[in-house]
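Working notes, beginning with the structure itself.
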Amino acid sequence: MMQLVAHWNYFAVIILMMVGLYIAISRGNLVKKVMGMNIFQTSVILLYVSMGKVSGGTAPILIEGRDDIIYSNPVPHVLMLTAIVVGVASTALGLALVVRIRESYGTVEEDEIVALDRAEDEREFSGEAG
Amino acid sequence: MTGDRVMGESIMGPTVEIVLFVFMIGLAFYIASLRSLFAAAMLFGIFSLLSAGALTMMDAVDVAFTEAAVGAGISTVLILGALGLTTSVETRPIHHRFTAKLVVTATGLMLAYGTLDMPAYGDPDAPINKHVAPHYLYDSETEIGIPNVVTSVLASYRGYDTYGETTVVLTAAVGAILLLGGGVARRRRETGSSE
């Protein structure tokens with residue numbers, strides 16, 4: 001039980017992560033999928049940063065002439081700064097794909113896109129046969 | 001190794017973080033249940049802002065303001081822009097797919113099992129705090145000369161990471177421009193040919 005309390009950050013992050021994953025795999029709407037991906041990404045950032053937290057620590061900005069200050073770990077912060085920027089780049093690219101799909105298919109619902117693709121395939125197949 | 005509690009460390013432990021996480025989990029579940037994509041986009045902005053608050057409480061101030069600017073700002077604007085170009089309501093009713101729930105629950109349980117032997121929250125003796133972090137904290141002042149350790153690691157020790165990140169952003173920008181700009185040119189061609 002004590003371990004569960006001490007590991008609260010992992011469990012909270014896992015719940016967030018799984019909600020994001022659920023949105024990404026169960027929703028047919030492509031924009032909603034991107035939102036789920038974003039929630040997943042934010043939870044990964046929180047996971048890394050929560051691992052670098054030192055209790056009693058403060059932000060890793062050095063104060064001159066003080067040796068008694070505990071600083072939190074700066075390494076996960078640096079890695080997650082990169083991850084945020086890469087994440088927004090992948091969001092932008094994903095949303096651009098969604099807009100492009102909307103132009104071609106007239107819909108952003110996954111099942112309608114699959115149905116349109118199937119109909120297209122069948123038309124081509126029957127055209128070759130005939 | 002509790003050390004001197006200085007610089008505004010709260011004596012309550014991680015209460016604020018836990019409250020922020022509870023709000024974020026509630027928001028995430030609500031976003032999952034919403035059909036109005038516009039409302040979901042706005043709630044996603046609030047979600048990002050709350051996560052920026054949690055990051056501040058975990059001493060990651062640089063990550064927090066990047067998340068507040070990029071996650072809550074630019075991502076929300078991008079999603080709203082995409083909604084403006086597509087549609088703002090999910091046409092399908094929300095049905096709960098059993099397979100998806102099963103996959104998500106199984107993955108979550110496996111991840112939770114995997115974290116059981118991880119170090120506790122705030123543990124100063126965790127392996128993550130033993131490798132290069134002390135070197136950055138103790139020596140970056142003399143080696144780089146910038147008080148903010150995150151900046152000296154980002155720009156100097158791990159400068160190539162940042163360079164790679166810039167390349168990724170450039171690639172994504174080129175990809176997005178090609179995808180969207182192609183559409184504009186095609187439309188112009190189509191209207192030109194019909195005239």
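All residue names refer to the structure tokens as shown: chains lettered A, B, ... in order, residues numbered from 1 in each chain, ligands numbered from 1 in order.
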Chain B residues near chain A within 7 Å, closest pair each, using only C-alpha atoms, as CSV:
```
residue,atom,partner,partner_atom,distance
B:Thr2,CA,A:Gly56,CA,6.8
B:Asp4,CA,A:Asp68,CA,6.8
B:Arg5,CA,A:Gly56,CA,5.5
B:Val6,CA,A:Ile69,CA,6.7
B:Met7,CA,A:Thr58,CA,6.6
B:Glu9,CA,A:Gly56,CA,5.9
B:Phe21,CA,A:Ala12,CA,6.6
B:Ile25,CA,A:Leu16,CA,5.8
B:Ala28,CA,A:Val19,CA,6.5
B:Phe29,CA,A:Val19,CA,6.6
B:Ala32,CA,A:Ile23,CA,5.8
B:Leu55,CA,A:Leu46,CA,6.9
B:Met58,CA,A:Lys53,CA,5.7
B:Asp59,CA,A:Ala59,CA,4.4
B:Ala60,CA,A:His77,CA,6.0
B:Val61,CA,A:Ala59,CA,6.6
B:Val63,CA,A:Leu81,CA,5.5
B:Glu67,CA,A:Ile84,CA,6.8
B:Ser75,CA,A:Val88,CA,6.2
B:Leu78,CA,A:Ala92,CA,6.6
B:Ala82,CA,A:Leu95,CA,6.2
B:Leu85,CA,A:Val99,CA,6.5
B:Thr86,CA,A:Arg102,CA,6.4
B:Glu90,CA,A:Asn29,CA,6.3
B:Arg97,CA,A:Ser26,CA,6.6
B:Ala100,CA,A:Ser26,CA,5.9
B:Lys101,CA,A:Tyr22,CA,6.9
B:Val104,CA,A:Met18,CA,5.8
B:Gly108,CA,A:Ile14,CA,6.2
B:Ala112,CA,A:Phe11,CA,6.4
B:Thr115,CA,A:Tyr10,CA,6.7
B:Ala120,CA,A:Ala6,CA,5.1
B:Tyr121,CA,A:Ala6,CA,5.8
B:Gly122,CA,A:Val54,CA,4.2
B:Asp123,CA,A:Val54,CA,5.8
B:Pro124,CA,A:Val54,CA,5.2
B:Ile128,CA,A:Gly52,CA,6.8
B:Asn129,CA,A:Asn73,CA,6.1
B:Ala133,CA,A:Asn73,CA,5.9
B:Pro147,CA,A:Leu62,CA,4.8
B:Asn148,CA,A:Ile61,CA,4.2
B:Val149,CA,A:Pro60,CA,5.8
B:Val150,CA,A:Pro74,CA,5.6
B:Val153,CA,A:Val78,CA,6.9
B:Leu154,CA,A:Val78,CA,5.8
B:Thr162,CA,A:Thr82,CA,6.9
B:Glu165,CA,A:Thr82,CA,6.3
B:Val168,CA,A:Val86,CA,6.7
B:Val169,CA,A:Ala89,CA,5.6
B:Ala172,CA,A:Ala89,CA,5.6
B:Gly175,CA,A:Leu93,CA,6.6
B:Ala176,CA,A:Leu93,CA,5.2
B:Leu179,CA,A:Ala96,CA,6.4
B:Leu180,CA,A:Ala96,CA,6.3
```
Please produce a file of the residues just selected, as a short mmCIF file (atom, residue, chain, number, x, y, z; two decimals), in the first residue's frame, where the atoms kept are C-alpha atoms.
```cif
data_model
loop_
_atom_site.label_atom_id
_atom_site.label_comp_id
_atom_site.auth_asym_id
_atom_site.auth_seq_id
_atom_site.Cartn_x
_atom_site.Cartn_y
_atom_site.Cartn_z
CA THR B 2 15.92 15.22 3.32
CA ASP B 4 17.28 21.79 4.08
CA ARG B 5 13.87 22.69 2.81
CA VAL B 6 14.56 25.93 1.01
CA MET B 7 13.15 27.92 -1.89
CA GLU B 9 9.29 23.78 -0.96
CA PHE B 21 -3.46 15.15 -12.01
CA ILE B 25 -7.64 12.66 -15.68
CA ALA B 28 -9.20 13.43 -20.44
CA PHE B 29 -12.21 11.18 -19.72
CA ALA B 32 -13.10 10.99 -24.68
CA LEU B 55 5.25 20.58 -14.55
CA MET B 58 7.70 19.28 -10.43
CA ASP B 59 10.41 21.99 -10.84
CA ALA B 60 10.45 21.77 -14.64
CA VAL B 61 9.88 25.48 -15.26
CA VAL B 63 9.23 22.55 -19.82
CA GLU B 67 4.10 23.34 -22.74
CA SER B 75 -1.49 22.81 -30.63
CA LEU B 78 -3.67 23.96 -35.02
CA ALA B 82 -8.09 21.80 -38.74
CA LEU B 85 -11.14 23.24 -42.58
CA THR B 86 -12.98 19.95 -41.88
CA GLU B 90 -18.25 13.74 -34.85
CA ARG B 97 -15.79 -0.72 -28.41
CA ALA B 100 -10.42 -1.21 -27.58
CA LYS B 101 -11.28 -1.18 -23.89
CA VAL B 104 -6.25 -0.38 -23.21
CA GLY B 108 -2.41 -0.21 -18.56
CA ALA B 112 1.41 -0.52 -13.86
CA THR B 115 6.39 0.48 -12.62
CA ALA B 120 9.43 6.28 -5.59
CA TYR B 121 8.33 9.82 -6.50
CA GLY B 122 10.95 12.38 -5.40
CA ASP B 123 13.57 9.77 -4.43
CA PRO B 124 16.97 11.55 -4.47
CA ILE B 128 18.08 8.77 -12.92
CA ASN B 129 19.63 11.24 -10.44
CA ALA B 133 22.81 14.91 -13.64
CA PRO B 147 23.08 29.66 -14.27
CA ASN B 148 20.13 27.83 -15.89
CA VAL B 149 21.36 24.22 -16.14
CA VAL B 150 18.57 23.26 -18.56
CA VAL B 153 22.53 21.16 -21.32
CA LEU B 154 20.14 21.99 -24.17
CA THR B 162 18.58 20.38 -30.42
CA GLU B 165 15.01 18.63 -33.27
CA VAL B 168 12.51 17.37 -37.45
CA VAL B 169 10.57 20.64 -37.23
CA ALA B 172 7.37 18.51 -40.59
CA GLY B 175 5.61 18.05 -45.23
CA ALA B 176 2.67 20.16 -44.05
CA LEU B 179 0.30 18.50 -48.25
CA LEU B 180 -1.73 21.68 -47.91
#
```
